[in-house]
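Next comes my_file_10.txt, with compact mmCIF, C-alpha atoms.
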```txt
# COMPACT_ATOMS: atom_id res chain seq x y z
CA MET A 1302 125.85 111.74 -78.01
CA ALA A 1303 128.79 114.15 -77.90
CA PRO A 1304 129.72 116.15 -81.02
CA GLN A 1305 132.52 114.84 -83.19
CA HIS A 1306 135.75 115.47 -81.29
CA ARG A 1307 137.32 117.74 -83.88
CA TRP A 1308 134.63 120.36 -83.22
CA GLN A 1309 134.79 120.21 -79.43
CA ASN A 1310 136.93 123.35 -79.18
CA PHE A 1311 134.15 125.36 -80.85
CA GLN A 1312 131.71 126.20 -78.10
CA THR A 1313 128.52 128.30 -78.22
CA SER A 1314 129.40 131.67 -79.76
CA ILE A 1315 129.79 134.67 -77.49
CA PHE A 1316 127.02 136.40 -79.46
CA SER A 1317 124.53 133.68 -78.57
CA ILE A 1318 125.67 133.63 -74.96
CA MET A 1319 125.34 137.36 -74.41
CA SER A 1320 122.04 137.67 -76.26
CA ALA A 1321 120.63 134.83 -74.15
CA GLU A 1322 121.86 136.59 -71.00
CA ALA A 1323 120.29 139.85 -72.19
CA SER A 1324 116.97 138.14 -72.82
CA ALA A 1325 116.99 136.35 -69.46
CA MET A 1326 117.79 139.56 -67.57
CA GLY A 1327 115.58 141.88 -69.59
CA ALA A 1328 118.72 143.87 -70.36
CA VAL A 1329 119.44 146.56 -72.93
CA ASN A 1330 121.16 144.58 -75.69
CA LEU A 1331 124.14 146.35 -77.22
CA ALA A 1332 125.87 142.99 -77.70
CA GLN A 1333 124.76 141.34 -80.93
CA GLY A 1334 125.11 143.54 -83.99
CA PHE A 1335 121.55 143.66 -85.27
CA PRO A 1336 119.35 146.75 -85.59
CA ASP A 1337 116.32 146.83 -83.29
CA PHE A 1338 114.39 148.66 -86.00
CA ASN A 1339 113.15 147.85 -89.49
CA GLY A 1340 114.83 148.80 -92.72
CA PRO A 1341 112.95 150.83 -95.37
CA GLY A 1342 109.27 150.03 -95.75
CA ASP A 1343 109.61 149.95 -99.55
CA ILE A 1344 111.85 146.90 -99.24
CA ILE A 1345 109.40 145.12 -96.95
CA GLN A 1346 106.61 145.85 -99.41
CA ALA A 1347 108.72 144.55 -102.28
CA ALA A 1348 109.21 141.25 -100.41
CA ALA A 1349 105.47 140.95 -99.77
CA ASP A 1350 104.71 141.74 -103.43
CA ALA A 1351 107.17 139.07 -104.58
CA MET A 1352 105.51 136.47 -102.36
CA LYS A 1353 102.04 137.40 -103.60
CA LYS A 1354 103.26 137.11 -107.20
CA GLY A 1355 104.28 133.53 -106.52
CA LEU A 1356 108.05 134.09 -106.43
CA ASN A 1357 108.42 131.54 -103.65
CA GLN A 1358 110.26 128.61 -105.22
CA TYR A 1359 113.95 127.88 -105.69
CA ALA A 1360 116.00 130.67 -107.18
CA PRO A 1361 118.98 129.89 -109.41
CA ALA A 1362 121.85 128.72 -107.22
CA MET A 1363 123.99 131.73 -108.11
CA GLY A 1364 121.14 134.19 -107.41
CA ILE A 1365 118.49 135.94 -109.47
CA MET A 1366 119.90 137.95 -112.36
CA PRO A 1367 118.18 141.28 -111.53
CA LEU A 1368 119.91 141.33 -108.13
CA ARG A 1369 123.27 140.37 -109.56
CA ASP A 1370 122.86 143.11 -112.16
CA ALA A 1371 122.04 145.64 -109.41
CA ILE A 1372 125.14 144.70 -107.42
CA SER A 1373 127.32 144.88 -110.53
CA ARG A 1374 126.01 148.38 -111.28
CA ARG A 1375 126.59 149.50 -107.69
CA TYR A 1376 130.25 148.41 -107.73
CA GLY A 1377 130.78 150.05 -111.09
CA LYS A 1378 129.23 153.34 -109.97
CA THR A 1379 130.73 153.51 -106.48
CA TYR A 1380 134.22 152.08 -106.97
CA ASP A 1381 134.67 151.81 -110.75
CA LEU A 1382 135.02 148.04 -110.26
CA LYS A 1383 133.74 145.94 -113.14
CA TYR A 1384 132.06 142.61 -112.37
CA ASP A 1385 130.18 140.56 -114.93
CA ALA A 1386 126.82 139.81 -113.29
CA GLU A 1387 126.51 136.41 -114.95
CA ARG A 1388 129.99 135.05 -114.22
CA GLU A 1389 131.40 137.09 -111.33
CA VAL A 1390 128.58 137.92 -108.87
CA THR A 1391 127.04 135.28 -106.59
CA ILE A 1392 124.20 135.64 -104.09
CA LEU A 1393 124.66 133.68 -100.86
CA SER A 1394 122.82 133.29 -97.57
CA GLY A 1395 124.55 136.14 -95.82
CA ALA A 1396 128.20 137.14 -95.73
CA THR A 1397 128.83 134.27 -93.31
CA GLU A 1398 127.98 131.68 -95.95
CA ALA A 1399 130.05 133.60 -98.49
CA ILE A 1400 133.04 133.50 -96.13
CA TRP A 1401 132.50 129.80 -95.54
CA CYS A 1402 132.29 128.97 -99.24
CA ALA A 1403 135.32 131.09 -100.13
CA VAL A 1404 137.51 129.42 -97.52
CA GLN A 1405 136.29 125.90 -98.35
CA ALA A 1406 136.91 126.49 -102.05
CA PHE A 1407 140.55 127.50 -101.70
CA CYS A 1408 141.89 126.25 -98.34
CA GLY A 1409 142.12 122.50 -97.83
CA PRO A 1410 143.77 120.07 -95.42
CA GLY A 1411 147.25 121.21 -94.45
CA ASP A 1412 146.83 124.68 -95.96
CA GLU A 1413 147.18 127.91 -94.01
CA ALA A 1414 145.37 131.24 -94.03
CA ILE A 1415 146.36 134.51 -92.41
CA GLY A 1416 143.86 136.70 -90.62
CA ILE A 1417 143.74 139.85 -88.55
CA ALA A 1418 142.66 139.56 -84.92
CA PRO A 1419 140.24 140.57 -83.55
CA PHE A 1420 138.18 138.78 -86.20
CA TYR A 1421 134.62 137.72 -86.94
CA ASP A 1422 134.31 134.34 -85.25
CA SER A 1423 133.30 132.44 -88.38
CA TYR A 1424 136.83 132.80 -89.81
CA PRO A 1425 138.54 130.13 -87.67
CA ALA A 1426 135.50 127.84 -87.97
CA ALA A 1427 135.57 128.08 -91.76
CA CYS A 1428 139.29 127.29 -91.84
CA HIS A 1429 138.85 124.40 -89.41
CA ALA A 1430 136.05 122.89 -91.50
CA GLY A 1431 138.33 122.77 -94.51
CA GLY A 1432 141.22 121.29 -92.58
CA ALA A 1433 143.24 124.51 -92.84
CA THR A 1434 145.03 126.44 -90.09
CA LEU A 1435 144.31 130.09 -89.38
CA ASN A 1436 147.28 132.14 -88.22
CA THR A 1437 146.66 135.70 -87.07
CA VAL A 1438 148.31 139.05 -86.61
CA ALA A 1439 146.99 140.53 -83.36
CA LEU A 1440 145.99 144.19 -83.41
CA LYS A 1441 146.39 146.22 -80.24
CA PRO A 1442 144.43 149.11 -78.76
CA PRO A 1443 144.06 152.02 -78.91
CA HIS A 1444 145.09 152.43 -82.58
CA TRP A 1445 144.39 148.89 -83.87
CA ARG A 1446 146.70 149.41 -86.86
CA VAL A 1447 147.64 146.63 -89.29
CA ASP A 1448 151.35 146.00 -89.79
CA ALA A 1449 151.89 144.35 -93.18
CA ASP A 1450 155.38 143.22 -92.12
CA GLU A 1451 153.79 141.08 -89.41
CA ILE A 1452 151.52 139.52 -92.03
CA ALA A 1453 154.50 138.84 -94.29
CA ARG A 1454 156.31 137.03 -91.47
CA LEU A 1455 153.43 134.55 -91.19
CA VAL A 1456 153.59 133.50 -94.86
CA THR A 1457 154.80 129.96 -95.46
CA PRO A 1458 154.73 127.66 -98.51
CA LYS A 1459 151.39 126.39 -97.16
CA THR A 1460 149.71 129.81 -97.10
CA LYS A 1461 146.85 130.14 -99.58
CA MET A 1462 144.76 133.11 -98.43
CA ILE A 1463 144.71 136.35 -96.44
CA LEU A 1464 141.45 137.24 -94.68
CA VAL A 1465 140.85 140.98 -94.43
CA ASN A 1466 137.97 142.89 -92.85
CA THR A 1467 137.44 146.61 -93.45
CA PRO A 1468 135.56 148.52 -92.13
CA HIS A 1469 136.65 146.41 -89.21
CA ASN A 1470 134.44 144.58 -86.74
CA PRO A 1471 134.83 144.89 -83.74
CA THR A 1472 137.19 147.87 -83.55
CA GLY A 1473 135.42 150.31 -85.88
CA ARG A 1474 138.65 150.94 -87.81
CA VAL A 1475 138.60 151.69 -91.53
CA LEU A 1476 141.92 150.51 -92.91
CA THR A 1477 143.90 153.24 -94.63
CA ARG A 1478 145.19 153.04 -98.17
CA ASP A 1479 148.70 152.45 -96.81
CA GLU A 1480 147.50 149.52 -94.70
CA MET A 1481 145.57 148.02 -97.61
CA GLU A 1482 148.48 148.46 -100.02
CA GLY A 1483 150.78 146.79 -97.51
CA ILE A 1484 148.52 143.74 -97.39
CA ALA A 1485 148.18 143.79 -101.19
CA THR A 1486 151.96 143.80 -101.57
CA VAL A 1487 152.22 140.62 -99.50
CA ALA A 1488 149.45 138.95 -101.53
CA ARG A 1489 151.03 139.81 -104.87
CA LYS A 1490 154.53 138.80 -103.80
CA HIS A 1491 153.42 135.37 -102.59
CA ASP A 1492 150.60 134.80 -105.13
CA LEU A 1493 147.88 134.64 -102.45
CA ILE A 1494 144.12 135.02 -102.67
CA VAL A 1495 142.61 137.75 -100.52
CA MET A 1496 139.14 137.29 -99.07
CA SER A 1497 138.06 140.85 -98.31
CA ASP A 1498 135.09 141.08 -95.93
CA GLU A 1499 133.60 144.51 -96.62
CA VAL A 1500 130.09 144.14 -95.22
CA TYR A 1501 130.21 147.55 -93.49
CA GLU A 1502 131.37 149.36 -96.63
CA GLU A 1503 128.42 151.79 -96.54
CA ILE A 1504 128.88 152.69 -92.84
CA VAL A 1505 131.97 154.90 -93.06
CA PHE A 1506 132.26 158.30 -91.41
CA ALA A 1507 134.21 161.22 -92.91
CA PRO A 1508 137.07 161.80 -93.21
CA ALA A 1509 137.64 158.03 -93.42
CA THR A 1510 137.23 156.45 -96.86
CA HIS A 1511 136.58 152.82 -97.70
CA ILE A 1512 139.22 151.39 -100.05
CA PRO A 1513 138.08 148.11 -101.64
CA MET A 1514 140.92 145.61 -101.82
CA ALA A 1515 139.96 144.73 -105.40
CA SER A 1516 140.50 148.35 -106.48
CA LEU A 1517 144.23 148.27 -105.76
CA PRO A 1518 146.75 147.54 -108.55
CA GLY A 1519 147.04 143.84 -109.34
CA MET A 1520 144.39 142.85 -106.80
CA HIS A 1521 141.18 142.53 -108.81
CA GLU A 1522 142.20 139.16 -110.19
CA ARG A 1523 143.10 137.69 -106.76
CA THR A 1524 140.40 139.21 -104.51
CA ILE A 1525 137.07 137.77 -103.37
CA THR A 1526 135.00 140.73 -102.18
CA ILE A 1527 132.24 139.82 -99.75
CA SER A 1528 129.42 142.11 -98.66
CA SER A 1529 125.84 141.94 -97.48
CA THR A 1530 122.52 143.67 -97.80
CA SER A 1531 121.96 142.91 -94.10
CA LYS A 1532 124.07 145.80 -92.85
CA THR A 1533 123.37 148.27 -95.65
CA PHE A 1534 119.58 147.95 -95.53
CA SER A 1535 119.05 146.76 -91.92
CA PHE A 1536 117.56 143.34 -92.60
CA THR A 1537 120.04 141.03 -90.87
CA GLY A 1538 117.50 138.21 -90.55
CA TRP A 1539 117.01 137.99 -94.30
CA LYS A 1540 120.59 136.77 -94.85
CA ILE A 1541 121.12 138.06 -98.38
CA GLY A 1542 124.86 138.36 -98.93
CA TYR A 1543 127.04 138.28 -102.02
CA ALA A 1544 130.52 137.63 -103.32
CA CYS A 1545 132.15 139.38 -106.27
CA ALA A 1546 135.26 137.85 -107.79
CA PRO A 1547 136.84 137.06 -111.14
CA GLU A 1548 135.35 134.08 -112.92
CA LYS A 1549 138.06 131.62 -111.89
CA LEU A 1550 137.51 132.37 -108.20
CA THR A 1551 133.73 132.60 -108.55
CA GLU A 1552 133.62 129.08 -110.00
CA GLY A 1553 135.17 127.72 -106.81
CA ILE A 1554 132.77 129.60 -104.55
CA ARG A 1555 129.74 128.40 -106.52
CA ARG A 1556 130.82 124.76 -106.39
CA VAL A 1557 130.74 124.90 -102.59
CA HIS A 1558 127.63 127.07 -102.40
CA GLN A 1559 125.47 124.67 -104.42
CA PHE A 1560 126.08 121.96 -101.80
CA THR A 1561 125.77 124.26 -98.78
CA VAL A 1562 122.38 125.96 -99.03
CA PHE A 1563 122.00 125.82 -102.84
CA CYS A 1564 120.13 129.13 -103.04
CA SER A 1565 118.99 132.05 -100.90
CA ALA A 1566 115.37 133.06 -100.23
CA THR A 1567 113.75 133.95 -103.56
CA PRO A 1568 111.27 136.71 -102.55
CA LEU A 1569 113.89 138.38 -100.37
CA GLN A 1570 116.30 138.50 -103.29
CA HIS A 1571 113.63 140.23 -105.36
CA ALA A 1572 113.06 142.71 -102.53
CA MET A 1573 116.74 143.59 -102.50
CA VAL A 1574 116.57 144.55 -106.16
CA ARG A 1575 114.27 147.33 -104.96
CA ALA A 1576 116.77 148.17 -102.22
CA PHE A 1577 119.55 148.87 -104.71
CA ASP A 1578 117.21 151.26 -106.54
CA LEU A 1579 116.84 153.55 -103.50
CA GLY A 1580 119.52 155.93 -104.77
CA ASP A 1581 122.18 158.16 -103.25
CA ASP A 1582 119.79 160.00 -100.92
CA TYR A 1583 119.20 156.77 -99.03
CA TYR A 1584 122.93 156.24 -98.40
CA ARG A 1585 123.47 159.83 -97.28
CA GLN A 1586 120.62 159.64 -94.76
CA PHE A 1587 121.70 156.16 -93.67
CA ARG A 1588 125.18 157.41 -92.76
CA ALA A 1589 123.85 160.58 -91.15
CA ASP A 1590 121.53 158.55 -88.90
CA TYR A 1591 124.37 156.28 -87.84
CA LEU A 1592 126.64 159.25 -87.17
CA THR A 1593 124.04 160.61 -84.73
CA ARG A 1594 123.77 157.21 -83.04
CA ARG A 1595 127.55 156.95 -82.81
CA GLU A 1596 127.90 160.33 -81.13
CA THR A 1597 125.10 159.62 -78.66
CA LEU A 1598 126.57 156.34 -77.45
CA LEU A 1599 130.18 157.50 -77.59
CA ALA A 1600 129.44 160.38 -75.23
CA ALA A 1601 127.77 158.03 -72.74
CA ILE A 1602 130.59 155.48 -72.92
CA ARG A 1603 133.24 158.08 -72.23
CA SER A 1604 131.22 159.70 -69.44
CA ALA A 1605 130.99 156.28 -67.76
CA GLY A 1606 134.77 155.98 -67.67
CA PHE A 1607 135.50 153.79 -70.69
CA VAL A 1608 138.42 154.74 -72.95
CA ALA A 1609 136.98 154.64 -76.46
CA PRO A 1610 138.48 155.92 -79.72
CA THR A 1611 136.03 157.35 -82.23
CA PRO A 1612 135.10 154.59 -84.71
CA GLU A 1613 135.73 155.44 -88.35
CA GLY A 1614 133.21 152.91 -89.64
CA THR A 1615 130.82 150.04 -88.81
CA TYR A 1616 128.19 150.40 -86.09
CA PHE A 1617 130.50 149.28 -83.29
CA ILE A 1618 132.57 151.07 -80.66
CA SER A 1619 135.41 149.34 -78.82
CA GLY A 1620 136.01 150.60 -75.31
CA GLY A 1621 138.61 149.89 -72.66
CA TYR A 1622 137.39 149.42 -69.09
CA GLU A 1623 140.67 149.11 -67.17
CA LYS A 1624 139.94 152.26 -65.15
CA LEU A 1625 136.58 150.84 -64.10
CA ALA A 1626 137.62 147.32 -63.20
CA PRO A 1627 141.41 146.87 -63.08
CA GLY A 1628 142.50 143.33 -63.77
CA THR A 1629 138.99 141.98 -64.40
CA ASP A 1630 138.65 139.43 -67.21
CA ASP A 1631 136.56 140.78 -70.08
CA ILE A 1632 134.10 137.88 -70.10
CA GLN A 1633 133.52 138.23 -66.37
CA PHE A 1634 133.19 141.99 -66.80
CA THR A 1635 130.45 141.67 -69.42
CA LEU A 1636 128.61 139.01 -67.41
CA ASP A 1637 128.68 141.34 -64.40
CA LEU A 1638 127.24 144.16 -66.49
CA VAL A 1639 124.38 142.16 -67.94
CA ARG A 1640 123.44 140.45 -64.68
CA ASN A 1641 123.87 143.36 -62.27
CA HIS A 1642 123.27 146.40 -64.47
CA LYS A 1643 121.08 144.98 -67.23
CA ILE A 1644 123.19 146.07 -70.18
CA ALA A 1645 124.71 143.52 -72.57
CA LEU A 1646 128.05 144.06 -74.34
CA ILE A 1647 130.51 141.75 -76.10
CA PRO A 1648 133.98 140.99 -74.71
CA LEU A 1649 136.74 141.22 -77.30
CA SER A 1650 138.92 138.28 -76.23
CA PRO A 1651 136.74 135.71 -78.12
CA PHE A 1652 137.69 137.56 -81.32
CA TYR A 1653 141.25 136.23 -80.92
CA LEU A 1654 142.65 132.72 -81.20
CA PRO A 1655 142.80 130.76 -77.92
CA GLY A 1656 146.01 131.49 -76.08
CA ASP A 1657 146.79 134.73 -77.92
CA PRO A 1658 148.78 136.78 -75.35
CA VAL A 1659 147.24 140.03 -76.60
CA ALA A 1660 143.75 138.78 -75.76
CA LYS A 1661 144.70 137.73 -72.24
CA GLY A 1662 145.14 141.26 -70.95
CA LEU A 1663 142.97 143.10 -73.44
CA ARG A 1664 140.29 144.60 -71.13
CA GLN A 1665 138.16 145.70 -74.09
CA VAL A 1666 134.44 145.40 -74.87
CA ARG A 1667 132.32 146.09 -77.93
CA PHE A 1668 129.23 148.29 -77.99
CA ALA A 1669 126.73 148.13 -80.89
CA PHE A 1670 124.98 151.40 -81.76
CA CYS A 1671 122.67 149.99 -84.44
CA LYS A 1672 119.77 150.71 -82.10
CA THR A 1673 116.82 153.08 -81.80
CA PRO A 1674 117.27 156.41 -80.00
CA GLU A 1675 115.16 154.99 -77.19
CA THR A 1676 117.45 151.97 -76.76
CA LEU A 1677 120.55 154.17 -76.82
CA ALA A 1678 118.99 156.53 -74.27
CA ALA A 1679 118.26 153.59 -71.96
CA ALA A 1680 121.85 152.38 -72.37
CA ALA A 1681 123.21 155.85 -71.66
CA GLU A 1682 121.15 156.07 -68.47
CA ILE A 1683 122.59 152.78 -67.21
CA LEU A 1684 126.16 153.62 -68.21
CA CYS A 1685 126.12 157.02 -66.56
CA ARG A 1686 124.61 156.01 -63.23
CA ASP A 1687 126.83 156.92 -60.30
CA ASN A 1688 126.73 153.38 -58.95
CA LEU A 1689 128.06 151.69 -62.07
CA LYS A 1690 131.75 151.79 -61.13
CA PRO A 1691 131.39 150.68 -57.47
CA ALA A 1692 129.19 147.73 -58.46
CA ILE A 1693 131.78 146.46 -60.89
CA LEU A 1694 134.61 146.85 -58.44
```
What does this structure look like when you write it as structure tokens?
Amino acid sequence: MAPQHRWQNFQTSIFSIMSAEASAMGAVNLAQGFPDFNGPGDIIQAAADAMKKGLNQYAPAMGIMPLRDAISRRYGKTYDLKYDAEREVTILSGATEAIWCAVQAFCGPGDEAIGIAPFYDSYPAACHAGGATLNTVALKPPHWRVDADEIARLVTPKTKMILVNTPHNPTGRVLTRDEMEGIATVARKHDLIVMSDEVYEEIVFAPATHIPMASLPGMHERTITISSTSKTFSFTGWKIGYACAPEKLTEGIRRVHQFTVFCSATPLQHAMVRAFDLGDDYYRQFRADYLTRRETLLAAIRSAGFVAPTPEGTYFISGGYEKLAPGTDDIQFTLDLVRNHKIALIPLSPFYLPGDPVAKGLRQVRFAFCKTPETLAAAAEILCRDNLKPAIL
């Protein structure tokens, strides 16, 4: 039986497609953004200890209080943002569920939301599920800057929400204070909610600085901040995400959440309490390790002929391949790479709405450097082979 017709435009995600291709070809997988290494052993041990203690049944729908307390303390210490752990912090099954619940709670049939393309592919799906329309401002390489005037031009009486992502996947941009204040000005003027996806907040490289949307004047009361332990502690398969928002907005998120997955994995929540106790030394080493990975892969990408700006944050690099394969569609380009050269990347056009003219001629791919030194060395060897360019042509 075919799926219900209103979902027929949503095909298998590009992440699933490219990871399946990588597996079938035995390729180096720089496509899907998951680390191929474990996070800290202390966190794994904490999860095992929680299971052995019998903490294996349903958690409260909004999350266990020790984890909500830990997140509240972290936001207070890092950004001087105050969130009441009981009423304003919610644990969800990854940032993806948090995004889903936030959009369902505040965008219904006939409503509109504004996003920034390229975007995480769950954004249009979440809007579609609620009956809302996603309209986007398309960013362009090589600078990928956000123009708040373009966002303002998309606002209509039906607009309810702006979807922001910084540090930005897939470009690696960290939005500047000017860019964030421009978006905030639009939100305040038109009384809009901002869903701020900040899951890569801890992967920011100097001199860039992460500016939380909720920290800007007049934005705390209208911002849903979404983040995840998956990226910060390298346990993407555990799916422990969270949303911080004022009580009025949190109530809406929780109403949807309780009928989506109800609660996230209990022992893994307890393990993440231990994660937030790791201290500042962990974060410094975490960023230093990713800086080394970034520089290793960036050098290989550029040597291979890609045009790649230095990412300011996240663990992604966007690279242009026009010099390597003029006029070649980005999906075809990545399929050629994985099948003929055994390296998997992600094309950027699926991060735009269908028919977006910017996506049509984009010629950009995404590289993930959340990999071991051995994986990055194998990728560099493939990228820098003399026969890479002729094979693509």
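Counting all atoms listed in the file and comparing A:Ala1507, A:Ile1541, A:Leu1382, A:Leu1517, the residue that lies closest to Val1574 of chain A is A:Ile1541.
In terms of minimum interatomic distance to Asp1385 of chain A, A:Thr1551 ranks closest within A:Ser1324, A:Thr1551, A:Thr1510, A:Gln1665, counting only C-alpha atoms.
Of the listed residues (A:Phe1534, A:Ile1372, A:His1642, A:Lys1672), A:Phe1534 comes nearest to Pro1341 of chain A; the distances count all atoms listed in the file.
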Worksheet entry | Proximity to Gly1327 of chain A - best of A:Gly1340, A:Thr1673, A:Val1404, A:Ile1644, all atoms listed in the file | A:Ile1644
Practice prompt. Select, from A:Thr1477, A:Ser1650, A:Ser1314, A:Ser1528, the residue with the minimum atom-to-atom distance to Ser1423 of chain A, counting all atoms listed in the file.
Written response: A:Ser1314
Practice prompt. Write out as a PyMOL selection string which residues come within 12 Å of Asp1337 of chain A when counting all atoms listed in the file, dropping same-chain ones fewer than 3 positions away.
Written response: chain A and resi 1329-1334+1340+1535-1538+1669-1677
Item to complete: Do a neighbour search on Cys1428 of chain A at 10 Å with only C-alpha atoms, toss out local chain neighbours closer than 4 positions, and write the hits as an MDAnalysis selection string.
Response: chainID A and resid 1400:1401 1403:1405 1407:1410 1412:1414 1423:1424 1432:1435
